[in-house]
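J.: For reference, this is input.csv, and it has CSV, C-alpha atoms and all ligand atoms.
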chain,number,residue,atom,x,y,z
U,9,MET,CA,18.2,20.2,-4.8
U,10,ASP,CA,19.2,21.2,-1.4
U,11,ASP,CA,18.0,19.0,1.4
U,12,GLY,CA,20.6,20.0,3.9
U,13,ALA,CA,18.2,21.2,6.6
U,14,ALA,CA,17.8,19.0,9.6
U,15,ALA,CA,14.3,17.6,10.1
U,16,PRO,CA,12.6,18.9,13.2
U,17,ALA,CA,11.7,16.1,15.7
U,18,ALA,CA,8.0,17.1,15.8
U,19,LYS,CA,5.8,17.7,12.9
U,20,PRO,CA,4.6,21.2,12.4
U,21,ARG,CA,1.0,22.0,13.3
U,22,ASN,CA,-1.9,23.6,11.4
U,23,LEU,CA,-0.9,22.5,8.0
U,24,GLY,CA,-4.5,22.4,6.9
U,25,GLY,CA,-7.7,20.4,7.3
U,26,SER,CA,-11.0,19.8,5.7
U,27,LEU,CA,-14.6,21.1,6.2
U,28,PRO,CA,-16.7,18.6,8.2
U,29,VAL,CA,-19.0,16.4,6.2
U,30,PRO,CA,-21.8,13.9,7.1
U,31,ASN,CA,-20.7,10.5,8.2
U,32,VAL,CA,-21.5,8.3,5.2
U,33,GLN,CA,-21.6,5.0,7.1
U,34,ASP,CA,-24.3,6.5,9.3
U,35,LEU,CA,-26.2,7.9,6.3
U,36,ALA,CA,-26.1,4.5,4.6
U,37,ALA,CA,-27.5,2.8,7.7
U,38,ARG,CA,-30.5,5.1,7.7
U,39,PRO,CA,-31.8,4.9,4.1
U,40,GLY,CA,-35.1,6.5,5.1
U,41,ASP,CA,-33.3,9.7,6.0
U,42,LEU,CA,-31.4,9.9,2.8
U,43,THR,CA,-33.4,12.7,1.2
U,44,PRO,CA,-32.9,13.7,-2.5
U,45,GLN,CA,-31.2,16.9,-1.2
U,46,ILE,CA,-28.7,15.0,0.9
U,47,LEU,CA,-28.0,12.4,-1.8
U,48,GLY,CA,-27.7,15.2,-4.3
U,49,ARG,CA,-24.4,16.2,-2.7
U,50,TYR,CA,-22.9,12.9,-3.7
U,51,LEU,CA,-24.5,12.5,-7.2
U,52,ARG,CA,-22.0,13.0,-10.1
U,53,GLY,CA,-23.0,14.2,-13.5
U,54,ALA,CA,-20.5,13.6,-16.3
U,55,ASP,CA,-18.0,11.8,-14.2
U,56,ALA,CA,-20.4,9.1,-13.1
U,57,PRO,CA,-18.6,5.7,-12.8
U,58,ALA,CA,-18.7,4.3,-16.4
U,59,LEU,CA,-15.9,1.7,-16.8
U,60,SER,CA,-14.4,2.2,-20.2
U,61,VAL,CA,-11.0,1.7,-21.6
U,62,ALA,CA,-9.8,2.3,-25.1
U,63,ALA,CA,-9.9,-0.8,-27.3
U,64,GLY,CA,-7.0,-3.2,-26.7
U,65,VAL,CA,-5.8,-1.3,-23.6
U,66,GLY,CA,-8.0,-3.2,-21.2
U,67,ASP,CA,-6.6,-6.5,-22.2
U,68,ALA,CA,-3.2,-5.8,-20.7
U,69,ALA,CA,-3.0,-6.7,-17.1
U,70,VAL,CA,-1.5,-4.5,-14.3
U,71,PRO,CA,2.1,-5.6,-13.9
U,72,VAL,CA,3.2,-7.8,-11.0
U,73,VAL,CA,6.5,-7.1,-9.3
U,74,ASP,CA,8.0,-9.9,-7.2
U,75,LEU,CA,9.9,-8.1,-4.4
U,76,GLY,CA,11.7,-11.3,-3.3
U,77,ARG,CA,13.1,-11.7,-6.8
U,78,LEU,CA,14.0,-8.1,-7.0
U,79,LEU,CA,16.2,-8.4,-3.9
U,80,ASP,CA,17.7,-11.7,-5.1
U,81,PRO,CA,21.1,-11.2,-6.7
U,82,GLU,CA,20.4,-14.2,-9.1
U,83,HIS,CA,17.1,-12.9,-10.5
U,84,GLY,CA,17.2,-9.2,-9.7
U,85,GLU,CA,17.8,-8.0,-13.3
U,86,GLU,CA,14.6,-9.5,-14.6
U,87,ALA,CA,12.5,-8.2,-11.8
U,88,ALA,CA,14.1,-4.8,-12.1
U,89,ALA,CA,13.1,-4.7,-15.8
U,90,THR,CA,9.5,-5.5,-14.8
U,91,LEU,CA,9.6,-2.7,-12.2
U,92,ARG,CA,11.1,-0.3,-14.8
U,93,ALA,CA,8.3,-1.0,-17.3
U,94,ALA,CA,5.7,-0.8,-14.5
U,95,CYS,CA,7.0,2.7,-13.5
U,96,GLU,CA,7.4,4.0,-17.0
U,97,ASP,CA,4.3,2.7,-18.6
U,98,TRP,CA,1.8,2.1,-15.8
U,99,GLY,CA,2.5,4.0,-12.6
U,100,PHE,CA,0.7,1.2,-10.9
U,101,PHE,CA,1.7,-2.4,-10.1
U,102,HIS,CA,0.9,-5.3,-7.8
U,103,VAL,CA,3.7,-6.2,-5.3
U,104,VAL,CA,3.8,-9.9,-4.4
U,105,ASN,CA,6.3,-11.8,-2.3
U,106,HIS,CA,6.7,-8.6,-0.4
U,107,GLY,CA,7.7,-10.1,3.0
U,108,VAL,CA,4.9,-8.6,5.0
U,109,PRO,CA,3.8,-11.7,6.9
U,110,ASP,CA,0.3,-13.0,6.2
U,111,GLU,CA,-0.7,-12.9,9.8
U,112,VAL,CA,0.3,-9.3,10.1
U,113,VAL,CA,-1.9,-8.4,7.1
U,114,GLU,CA,-4.8,-10.5,8.3
U,115,ALA,CA,-4.7,-9.1,11.8
U,116,LEU,CA,-4.7,-5.6,10.5
U,117,LYS,CA,-7.7,-6.3,8.1
U,118,GLU,CA,-9.7,-7.6,11.1
U,119,ASP,CA,-8.9,-4.6,13.2
U,120,LEU,CA,-9.7,-2.2,10.4
U,121,LYS,CA,-13.1,-3.8,10.1
U,122,GLY,CA,-13.5,-3.9,13.8
U,123,PHE,CA,-12.8,-0.2,14.1
U,124,PHE,CA,-15.2,0.9,11.4
U,125,HIS,CA,-17.9,-1.4,12.9
U,126,LEU,CA,-17.7,0.3,16.3
U,127,PRO,CA,-20.7,2.5,17.2
U,128,LEU,CA,-20.4,6.0,15.7
U,129,ALA,CA,-20.1,7.7,19.1
U,130,GLU,CA,-17.0,5.6,19.9
U,131,LYS,CA,-15.4,6.3,16.5
U,132,LEU,CA,-16.1,10.0,17.0
U,133,ALA,CA,-13.7,10.0,20.0
U,134,TYR,CA,-11.0,9.9,17.3
U,135,LYS,CA,-12.5,12.5,15.1
U,136,GLN,CA,-10.5,15.0,13.1
U,137,GLU,CA,-9.8,18.4,14.6
U,138,PRO,CA,-9.8,21.6,12.6
U,139,GLY,CA,-6.4,22.3,11.0
U,140,TRP,CA,-5.0,18.9,10.4
U,141,VAL,CA,-5.9,15.7,8.5
U,142,GLU,CA,-5.3,13.1,11.2
U,143,GLY,CA,-8.3,11.3,12.8
U,144,TYR,CA,-11.7,10.0,11.7
U,145,GLY,CA,-13.4,12.2,9.1
U,146,GLN,CA,-12.8,13.2,5.5
U,147,ALA,CA,-10.0,15.1,3.8
U,148,PHE,CA,-9.9,17.5,0.9
U,149,VAL,CA,-13.3,19.1,1.4
U,150,VAL,CA,-12.7,22.8,0.7
U,151,SER,CA,-16.1,24.1,-0.2
U,152,ASP,CA,-19.8,23.4,0.5
U,153,GLU,CA,-20.5,23.2,-3.2
U,154,GLN,CA,-18.1,20.4,-4.2
U,155,LYS,CA,-19.3,16.9,-4.8
U,156,LEU,CA,-18.7,14.6,-1.8
U,157,ASP,CA,-17.2,11.1,-1.8
U,158,TRP,CA,-19.3,8.2,-0.7
U,159,ALA,CA,-16.9,7.1,2.0
U,160,ASP,CA,-15.5,7.8,5.4
U,161,ALA,CA,-11.8,8.1,6.1
U,162,PHE,CA,-9.5,7.7,9.0
U,163,HIS,CA,-5.9,9.2,8.8
U,164,LEU,CA,-3.1,8.2,11.1
U,165,SER,CA,0.5,9.4,11.2
U,166,THR,CA,2.5,6.2,11.8
U,167,GLN,CA,6.1,6.9,10.9
U,168,PRO,CA,8.5,8.1,12.2
U,169,PRO,CA,7.3,7.2,15.7
U,170,GLU,CA,7.9,10.8,16.9
U,171,TYR,CA,5.1,12.0,14.5
U,172,ARG,CA,2.5,9.9,16.2
U,173,ASP,CA,-0.2,11.4,18.2
U,174,PRO,CA,-1.5,8.8,20.7
U,175,LYS,CA,-4.9,10.5,21.0
U,176,PHE,CA,-5.8,9.3,17.5
U,177,TRP,CA,-4.7,5.7,18.1
U,178,PRO,CA,-7.9,3.6,18.7
U,179,LEU,CA,-8.0,1.6,22.0
U,180,ARG,CA,-10.6,-0.7,20.4
U,181,PRO,CA,-10.4,-3.2,18.9
U,182,PRO,CA,-7.8,-3.9,21.6
U,183,THR,CA,-5.3,-5.3,19.2
U,184,PHE,CA,-5.6,-2.3,16.8
U,185,ARG,CA,-2.5,-0.4,17.9
U,186,GLU,CA,-0.3,-3.5,17.8
U,187,SER,CA,-1.6,-4.6,14.4
U,188,MET,CA,-1.1,-1.1,13.0
U,189,GLU,CA,2.4,-0.8,14.4
U,190,ARG,CA,3.6,-4.1,12.9
U,191,TYR,CA,2.0,-3.6,9.5
U,192,SER,CA,3.3,0.0,9.3
U,193,ALA,CA,6.9,-1.0,9.9
U,194,ALA,CA,6.8,-3.9,7.5
U,195,VAL,CA,5.2,-1.9,4.7
U,196,GLN,CA,7.6,1.0,5.2
U,197,ARG,CA,10.4,-1.5,4.5
U,198,VAL,CA,8.7,-2.5,1.3
U,199,ALA,CA,8.4,1.1,0.2
U,200,THR,CA,12.0,1.7,0.9
U,201,GLU,CA,13.2,-1.3,-1.0
U,202,LEU,CA,11.0,-0.4,-4.0
U,203,LEU,CA,12.4,3.2,-4.0
U,204,ARG,CA,16.0,1.8,-3.7
U,205,ALA,CA,15.3,-0.3,-6.8
U,206,MET,CA,13.8,2.7,-8.6
U,207,ALA,CA,16.9,4.7,-7.8
U,208,ARG,CA,19.0,1.9,-9.5
U,209,ASN,CA,16.7,1.8,-12.5
U,210,LEU,CA,16.9,5.6,-12.9
U,211,GLY,CA,20.7,5.7,-12.5
U,212,VAL,CA,20.7,7.7,-9.2
U,213,PRO,CA,23.8,6.4,-7.4
U,214,ASP,CA,22.8,7.8,-4.0
U,215,ALA,CA,19.7,5.7,-3.4
U,216,GLU,CA,19.0,7.8,-0.3
U,217,LYS,CA,17.8,10.6,-2.5
U,218,LEU,CA,14.8,8.4,-3.3
U,219,THR,CA,14.5,6.3,-0.1
U,220,ARG,CA,14.2,9.4,2.0
U,221,ILE,CA,10.7,9.8,0.6
U,222,ALA,CA,9.6,6.8,2.6
U,223,ALA,CA,11.0,8.2,5.9
U,224,SER,CA,7.5,9.3,6.9
U,225,GLN,CA,4.2,7.4,6.6
U,226,ILE,CA,0.6,8.3,6.9
U,227,MET,CA,-2.2,5.7,6.7
U,228,ARG,CA,-5.5,6.5,5.1
U,229,MET,CA,-8.1,4.0,6.0
U,230,ASN,CA,-11.1,4.1,3.7
U,231,TYR,CA,-14.5,2.7,4.4
U,232,TYR,CA,-16.9,2.6,1.5
U,233,PRO,CA,-20.5,1.7,2.6
U,234,PRO,CA,-22.7,0.1,0.0
U,235,CYS,CA,-24.9,2.5,-1.9
U,236,PRO,CA,-28.1,0.7,-3.1
U,237,ALA,CA,-29.8,4.1,-4.0
U,238,ALA,CA,-27.2,5.2,-6.5
U,239,HIS,CA,-24.0,3.1,-6.6
U,240,ASP,CA,-23.5,4.0,-10.3
U,241,ARG,CA,-24.0,7.7,-9.8
U,242,VAL,CA,-21.7,8.3,-6.8
U,243,LEU,CA,-17.9,7.9,-6.4
U,244,GLY,CA,-16.2,6.4,-3.3
U,245,LEU,CA,-13.1,8.5,-4.0
U,246,SER,CA,-12.8,11.3,-6.6
U,247,PRO,CA,-10.2,10.9,-9.4
U,248,HIS,CA,-6.8,12.0,-8.1
U,249,SER,CA,-3.2,11.1,-8.2
U,250,ASP,CA,-1.5,10.6,-4.8
U,251,ALA,CA,0.4,13.8,-3.7
U,252,VAL,CA,3.0,11.7,-2.0
U,253,GLY,CA,6.1,9.7,-2.8
U,254,LEU,CA,5.0,6.1,-3.0
U,255,THR,CA,1.7,4.6,-2.0
U,256,LEU,CA,1.2,1.0,-1.0
U,257,LEU,CA,-2.5,0.1,-0.9
U,258,LEU,CA,-4.1,-2.8,0.9
U,259,GLN,CA,-7.4,-3.8,-0.7
U,260,ALA,CA,-8.8,-5.1,2.6
U,261,SER,CA,-12.0,-6.6,1.2
U,262,PRO,CA,-12.5,-9.0,-1.7
U,263,VAL,CA,-14.8,-6.4,-3.3
U,264,ALA,CA,-13.4,-4.5,-6.3
U,265,GLY,CA,-13.5,-0.7,-6.4
U,266,LEU,CA,-10.1,0.7,-7.4
U,267,GLN,CA,-9.8,2.0,-11.0
U,268,ILE,CA,-6.9,3.6,-12.8
U,269,ARG,CA,-7.0,6.0,-15.7
U,270,ARG,CA,-5.6,4.3,-18.8
U,271,GLY,CA,-6.1,4.6,-22.5
U,272,GLY,CA,-8.6,7.5,-22.1
U,273,GLY,CA,-10.9,5.4,-19.8
U,274,TRP,CA,-11.0,3.6,-16.5
U,275,MET,CA,-9.6,0.2,-15.8
U,276,ALA,CA,-10.4,-1.8,-12.7
U,277,VAL,CA,-7.5,-3.1,-10.5
U,278,ALA,CA,-9.2,-6.0,-8.8
U,279,PRO,CA,-7.7,-7.2,-5.5
U,280,LEU,CA,-5.0,-9.8,-6.0
U,281,PRO,CA,-5.0,-12.1,-2.9
U,282,GLY,CA,-1.9,-11.5,-0.8
U,283,ALA,CA,-0.6,-8.6,-3.0
U,284,LEU,CA,-0.2,-4.9,-2.2
U,285,VAL,CA,-0.9,-2.3,-4.9
U,286,ALA,CA,1.9,0.2,-5.4
U,287,ASN,CA,1.6,3.5,-7.1
U,288,VAL,CA,4.0,6.2,-8.1
U,289,GLY,CA,3.1,9.4,-6.4
U,290,ASP,CA,3.4,13.0,-7.5
U,291,VAL,CA,6.6,13.4,-5.6
U,292,VAL,CA,8.3,10.7,-7.6
U,293,GLU,CA,7.1,12.4,-10.8
U,294,VAL,CA,8.7,15.7,-9.5
U,295,LEU,CA,12.0,14.1,-8.3
U,296,SER,CA,12.4,12.2,-11.6
U,297,ASN,CA,11.6,15.4,-13.6
U,298,GLY,CA,8.7,13.6,-15.2
U,299,ARG,CA,10.5,10.3,-16.2
U,300,TYR,CA,8.0,8.4,-14.0
U,301,ARG,CA,4.4,9.8,-14.0
U,302,SER,CA,1.8,9.5,-11.2
U,303,ILE,CA,-1.5,8.1,-12.5
U,304,GLU,CA,-5.0,9.2,-11.7
U,305,HIS,CA,-7.2,6.7,-10.0
U,306,ARG,CA,-10.5,6.6,-8.2
U,307,ALA,CA,-12.7,4.3,-6.2
U,308,VAL,CA,-16.3,3.2,-7.1
U,309,VAL,CA,-18.8,1.8,-4.6
U,310,ASN,CA,-20.8,-1.4,-4.6
U,311,ALA,CA,-24.6,-1.5,-4.4
U,312,ARG,CA,-24.7,-4.2,-1.7
U,313,GLU,CA,-21.3,-4.7,-0.1
U,314,GLU,CA,-19.0,-2.6,2.0
U,315,ARG,CA,-15.4,-2.2,0.9
U,316,LEU,CA,-12.4,-1.3,3.1
U,317,SER,CA,-9.0,-0.3,1.9
U,318,MET,CA,-5.9,1.3,3.5
U,319,ALA,CA,-3.4,3.4,1.7
U,320,ALA,CA,0.1,3.7,3.3
U,321,PHE,CA,1.4,7.0,2.0
U,322,HIS,CA,5.1,7.4,2.1
U,323,MET,CA,6.8,10.8,2.0
U,324,ALA,CA,9.8,12.7,3.3
U,325,LYS,CA,10.2,14.0,6.8
U,326,PHE,CA,9.5,17.7,7.4
U,327,GLY,CA,12.6,19.8,7.1
U,328,GLY,CA,13.5,18.7,3.6
U,329,ALA,CA,12.3,19.7,0.2
U,330,TYR,CA,10.9,18.2,-3.0
U,331,GLY,CA,12.3,19.1,-6.4
U,332,PRO,CA,13.8,17.5,-9.5
U,333,LEU,CA,17.0,15.6,-8.8
U,334,GLU,CA,20.0,17.2,-10.6
U,335,GLU,CA,21.2,13.9,-12.0
U,336,LEU,CA,17.8,13.3,-13.6
U,337,VAL,CA,17.4,16.9,-15.0
U,338,GLY,CA,20.9,16.6,-16.6
U,339,GLU,CA,21.3,19.1,-19.5
U,340,ALA,CA,17.5,19.6,-19.7
U,341,ALA,CA,15.6,22.2,-17.7
U,342,PRO,CA,13.8,21.3,-14.5
U,343,ARG,CA,10.1,20.9,-15.2
U,344,TYR,CA,8.9,21.3,-11.6
U,345,LYS,CA,9.6,23.7,-8.8
U,346,THR,CA,11.4,22.9,-5.6
U,347,VAL,CA,9.4,23.5,-2.5
U,348,SER,CA,9.8,22.6,1.2
U,349,VAL,CA,7.9,19.5,2.4
U,350,GLU,CA,6.0,21.8,4.7
U,351,GLU,CA,4.8,24.2,1.9
U,352,TYR,CA,4.0,21.2,-0.2
U,353,VAL,CA,1.8,19.6,2.5
U,354,LYS,CA,0.0,22.9,3.1
U,355,MET,CA,-0.7,23.2,-0.6
U,356,VAL,CA,-2.1,19.6,-0.8
U,357,LEU,CA,-4.3,20.0,2.2
U,358,SER,CA,-5.9,23.2,1.0
U,359,SER,CA,-6.8,21.6,-2.4
U,360,LYS,CA,-9.6,19.5,-3.6
U,361,LEU,CA,-8.9,15.9,-4.7
U,362,GLU,CA,-9.0,16.7,-8.4
U,363,GLY,CA,-7.0,14.9,-11.0
U,364,LYS,CA,-3.4,15.9,-11.1
U,365,ASN,CA,-4.0,19.5,-9.8
U,366,ILE,CA,-1.0,19.4,-7.4
U,367,LEU,CA,1.4,18.6,-10.2
U,368,ASP,CA,-0.1,21.4,-12.3
U,369,ALA,CA,0.8,23.7,-9.5
U,370,MET,CA,4.3,22.3,-9.3
U,371,LYS,CA,5.0,22.7,-13.0
U,372,ILE,CA,7.4,25.5,-13.9
U,373,ASP,CA,5.6,26.1,-17.2
U,374,ALA,CA,2.1,26.6,-15.7
U,375,THR,CA,0.5,26.9,-19.1
U,376,SER,CA,1.5,23.4,-20.1
U,377,THR,CA,-1.2,20.7,-19.6
U,378,THR,CA,0.9,17.6,-20.3
V,401,LIG,C1,-6.3,6.5,-1.7
V,401,LIG,C2,-6.8,5.6,-2.8
V,401,LIG,C3,-8.1,3.7,-3.5
V,401,LIG,C4,-8.9,2.6,-2.9
V,401,LIG,O1,-6.7,6.3,-0.6
V,401,LIG,O2,-5.6,7.5,-2.1
V,401,LIG,O3,-6.6,5.9,-4.0
V,401,LIG,O4,-9.1,1.6,-3.6
V,401,LIG,N1,-7.6,4.6,-2.5
V,401,LIG,O5,-9.5,2.8,-1.8
V,402,NI,NI,-5.1,7.4,-4.1
Please express what this file holds, its structure, as structure tokens.
T.:
Amino acid sequence: MDDGAAAPAAKPRNLGGSLPVPNVQDLAARPGDLTPQILGRYLRGADAPALSVAAGVGDAAVPVVDLGRLLDPEHGEEAAATLRAACEDWGFFHVVNHGVPDEVVEALKEDLKGFFHLPLAEKLAYKQEPGWVEGYGQAFVVSDEQKLDWADAFHLSTQPPEYRDPKFWPLRPPTFRESMERYSAAVQRVATELLRAMARNLGVPDAEKLTRIAASQIMRMNYYPPCPAAHDRVLGLSPHSDAVGLTLLLQASPVAGLQIRRGGGWMAVAPLPGALVANVGDVVEVLSNGRYRSIEHRAVVNAREERLSMAAFHMAKFGGAYGPLEELVGEAAPRYKTVSVEEYVKMVLSSKLEGKNILDAMKIDATSTT
């Protein structure tokens, strides 16, 4: 694919936004006002949160990749094999020994909690504006009819620094900006190392063809309030695959909620203390021409406890393009289109969060459902 164009210094504007929705934390705090009509917008029918996995499948545990070992010349081979199996068979894995200092993670967790616990009026100073995803609000709401997620979100462009918009960077808690900055840089390094190892595993000699999809980073902070009225009939986050390169998710509360699609059912990925959860995004599926597949996942909510998480989404800078890498297509036919990063982002932001819909749109044979 041709990625020759130089990336513009600033990110383009008006790539797409979301319809405004009620603030869920506020709704949850006023249960008396939660009328059946309001709750009805969140209640799911057939995709209510049953946890079921095909017999035998649920016994296998999500793989654990030790990044320190992966980078160690003595033990790298073994860790690379674990990573390969994790990418080919699971699309999801825990990353341990990742090198992001504990104190950086802990400070960030505190500041995330601190932000979401600010009074609503204060958080609304950072609210989303029409036409773009950044800020406090919710993404992927494209119609008044669609079912809503029982969560609030806060998106922030963090890398490269020239993509940042200071007006969305909270001034309270006072350490928020510093915590975010430190965590963001550390986690971008983790994403880059993982992509470099994936390039090696895939036999792509120029690792930059994969590491460039960690050149830019957007954080999505998720706040899932408890839902005593209907925790088993709402979803915190609709089933989706991540329309990015590589995601590193921090489960910032001890409460479980993340589930991945596996064996025809849903399997819980409980927080592993100190670990990050990595998942292969749609862009890796495209670049690898389907050798690695992005996996659908969702978040459920708890009846009594809040849950916080933060996804660090890594992608390419604007100015480039996404398409299958020649060396991975080989003699076969490309299975996905090549589109500019800008077009791709516009498509993502004008779509619902719904299964692997973005990849369906990227497939060259649009009739294929595999
Ligand atoms: C996401 C995501 C899962 C979670 O933000 O894309 O999948 O557990 N989050 O919050
Ligand atoms: Ni996700």
J.: Within 12 Å of Leu254 of chain U, counting all atoms listed in the file, which residues show up once you throw out same-chain ones fewer than 3 positions away? Write them as an NGL selection string, please.
T.: :U and (95 or 99-101 or 195-204 or 206 or 218-226 or 249-251 or 257 or 285-293 or 295 or 300-303 or 319-324)
J.: Separation of atom CA of Ala264 of chain U and atom CA of Arg312 of chain U, in Å?
T.: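 So the answer is 12.2 Å.
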J.: Under the rule that all atoms listed in the file are counted, which of U:Met318, U:Val70, U:Ala340, U:Ala89 is the nearest residue to ligand LIG 401 (chain V)?
T.: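 Among the listed residues, U:Met318 lies closest to ligand LIG 401 (chain V).
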J.: By how many Å are atom CA of Met275 of chain U and atom CA of Val308 of chain U apart?
T.: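 About the pair atom CA of Met275 of chain U and atom CA of Val308 of chain U: they are 11.4 Å apart.
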J.: So the first atom is atom CA of Glu86 of chain U and the second is atom CA of Gly107 of chain U; what is the distance between them in Å, to one decimal place?
T.: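 About the pair atom CA of Glu86 of chain U and atom CA of Gly107 of chain U: they are 18.9 Å apart.
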J.: Which one of U:Arg185, U:Gly338, U:Ile366, U:Pro30 sits closest to Gly211 of chain U if you count only C-alpha atoms?
T.: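 So, comparing all the options, the nearest one is U:Gly338.
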J.: When you count only C-alpha atoms, which of these residues is closest to Tyr134 of chain U: U:Lys371, U:His102, U:Arg180, U:Arg269?
T.: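 Answer, going by the shortest atom-to-atom distance: U:Arg180.
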J.: May I have the residues within 8 Å of ligand LIG 401 (chain V), computed using all atoms listed in the file, as a PyMOL selection string?
T.: chain U and resi 228-231+244-245+248-250+255+257+259+264-267+305-307+316-319
J.: Convert the current residue selection to file output with C-alpha atoms, as an mmCIF file, in the frame of the given file.
T.:
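As a result, out-v2.cif now contains:
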data_model
loop_
_atom_site.group_PDB
_atom_site.id
_atom_site.type_symbol
_atom_site.label_atom_id
_atom_site.label_comp_id
_atom_site.auth_asym_id
_atom_site.auth_seq_id
_atom_site.Cartn_x
_atom_site.Cartn_y
_atom_site.Cartn_z
ATOM 1 C CA ARG U 228 -5.500 6.500 5.100
ATOM 2 C CA MET U 229 -8.100 4.000 6.000
ATOM 3 C CA ASN U 230 -11.100 4.100 3.700
ATOM 4 C CA TYR U 231 -14.500 2.700 4.400
ATOM 5 C CA GLY U 244 -16.200 6.400 -3.300
ATOM 6 C CA LEU U 245 -13.100 8.500 -4.000
ATOM 7 C CA HIS U 248 -6.800 12.000 -8.100
ATOM 8 C CA SER U 249 -3.200 11.100 -8.200
ATOM 9 C CA ASP U 250 -1.500 10.600 -4.800
ATOM 10 C CA THR U 255 1.700 4.600 -2.000
ATOM 11 C CA LEU U 257 -2.500 0.100 -0.900
ATOM 12 C CA GLN U 259 -7.400 -3.800 -0.700
ATOM 13 C CA ALA U 264 -13.400 -4.500 -6.300
ATOM 14 C CA GLY U 265 -13.500 -0.700 -6.400
ATOM 15 C CA LEU U 266 -10.100 0.700 -7.400
ATOM 16 C CA GLN U 267 -9.800 2.000 -11.000
ATOM 17 C CA HIS U 305 -7.200 6.700 -10.000
ATOM 18 C CA ARG U 306 -10.500 6.600 -8.200
ATOM 19 C CA ALA U 307 -12.700 4.300 -6.200
ATOM 20 C CA LEU U 316 -12.400 -1.300 3.100
ATOM 21 C CA SER U 317 -9.000 -0.300 1.900
ATOM 22 C CA MET U 318 -5.900 1.300 3.500
ATOM 23 C CA ALA U 319 -3.400 3.400 1.700
#
J.: Taking all atoms listed in the file into account, which of U:Val141, U:Leu367, U:Ala161, U:Val294 comes nearest Pro342 of chain U?
T.: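 Smallest distance to Pro342 of chain U is found for U:Val294.
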J.: For Glu114 of chain U, work out the shell of residues within 10 Å, counting all atoms listed in the file and skipping chain neighbours fewer than 4 positions away, then give it as a PyMOL selection string.
T.: chain U and resi 109-110+118-120+187+191+260+282
J.: Hey, can you spit out that residue selection with C-alpha atoms as a PDB file, keeping the file's coordinate frame?
T.:
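Listing of result-v2.pdb after writing:
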ATOM      1  CA  PRO U 109       3.800 -11.700   6.900  1.00  0.00           C
ATOM      2  CA  ASP U 110       0.300 -13.000   6.200  1.00  0.00           C
ATOM      3  CA  GLU U 118      -9.700  -7.600  11.100  1.00  0.00           C
ATOM      4  CA  ASP U 119      -8.900  -4.600  13.200  1.00  0.00           C
ATOM      5  CA  LEU U 120      -9.700  -2.200  10.400  1.00  0.00           C
ATOM      6  CA  SER U 187      -1.600  -4.600  14.400  1.00  0.00           C
ATOM      7  CA  TYR U 191       2.000  -3.600   9.500  1.00  0.00           C
ATOM      8  CA  ALA U 260      -8.800  -5.100   2.600  1.00  0.00           C
ATOM      9  CA  GLY U 282      -1.900 -11.500  -0.800  1.00  0.00           C
TER      10      GLY U 282
END
J.: What lies within 12 Å of Glu334 of chain U using all atoms listed in the file, ignoring chain neighbours under 3 positions off, as an MDAnalysis selection string?
T.: chainID U and resid 9:10 211:214 217 294:297 330:331 337:344 346
J.: Please list as a ChimeraX atom specification every residue within 12 Å of Ser246 of chain U, counting only C-alpha atoms and excluding residues in the same chain fewer than 4 positions away.
T.: /U:50-52,55-57,147-149,154-159,242,250,266-268,304-309,360-364
J.: Which of these, U:Gly271, U:Gly253, U:Thr183, U:Gly25, has the shortest distance to ligand NI 402 (chain V) once you count all atoms listed in the file?
T.: U:Gly253
J.: U:Ala68, U:Val150, U:Leu75, U:Leu258: which is nearest ligand NI 402 (chain V), counting all atoms listed in the file?
T.: U:Leu258
J.: Quick one: residues within 8 Å of Gly139 of chain U, all atoms listed in the file counted, chain neighbours fewer than 6 positions away excluded, as a CSV table (one decimal) with C-alpha atoms, keeping the file's coordinate frame?
T.:
chain,number,residue,atom,x,y,z
U,21,ARG,CA,1.0,22.0,13.3
U,22,ASN,CA,-1.9,23.6,11.4
U,23,LEU,CA,-0.9,22.5,8.0
U,24,GLY,CA,-4.5,22.4,6.9
U,25,GLY,CA,-7.7,20.4,7.3
U,26,SER,CA,-11.0,19.8,5.7
J.: Go ahead and find all residues with at least one atom no further than 12 Å from (-29.1, 8.2, 4.0) in the file's coordinates, using only C-alpha atoms; report them as a ChimeraX atom specification.
T.: /U:30-50,158,233-238
J.: Those same residues, written as a tab-separated table (two decimals), in the coordinates of the input with C-alpha atoms?
T.:
chain	number	residue	atom	x	y	z
U	30	PRO	CA	-21.80	13.90	7.10
U	31	ASN	CA	-20.70	10.50	8.20
U	32	VAL	CA	-21.50	8.30	5.20
U	33	GLN	CA	-21.60	5.00	7.10
U	34	ASP	CA	-24.30	6.50	9.30
U	35	LEU	CA	-26.20	7.90	6.30
U	36	ALA	CA	-26.10	4.50	4.60
U	37	ALA	CA	-27.50	2.80	7.70
U	38	ARG	CA	-30.50	5.10	7.70
U	39	PRO	CA	-31.80	4.90	4.10
U	40	GLY	CA	-35.10	6.50	5.10
U	41	ASP	CA	-33.30	9.70	6.00
U	42	LEU	CA	-31.40	9.90	2.80
U	43	THR	CA	-33.40	12.70	1.20
U	44	PRO	CA	-32.90	13.70	-2.50
U	45	GLN	CA	-31.20	16.90	-1.20
U	46	ILE	CA	-28.70	15.00	0.90
U	47	LEU	CA	-28.00	12.40	-1.80
U	48	GLY	CA	-27.70	15.20	-4.30
U	49	ARG	CA	-24.40	16.20	-2.70
U	50	TYR	CA	-22.90	12.90	-3.70
U	158	TRP	CA	-19.30	8.20	-0.70
U	233	PRO	CA	-20.50	1.70	2.60
U	234	PRO	CA	-22.70	0.10	0.00
U	235	CYS	CA	-24.90	2.50	-1.90
U	236	PRO	CA	-28.10	0.70	-3.10
U	237	ALA	CA	-29.80	4.10	-4.00
U	238	ALA	CA	-27.20	5.20	-6.50
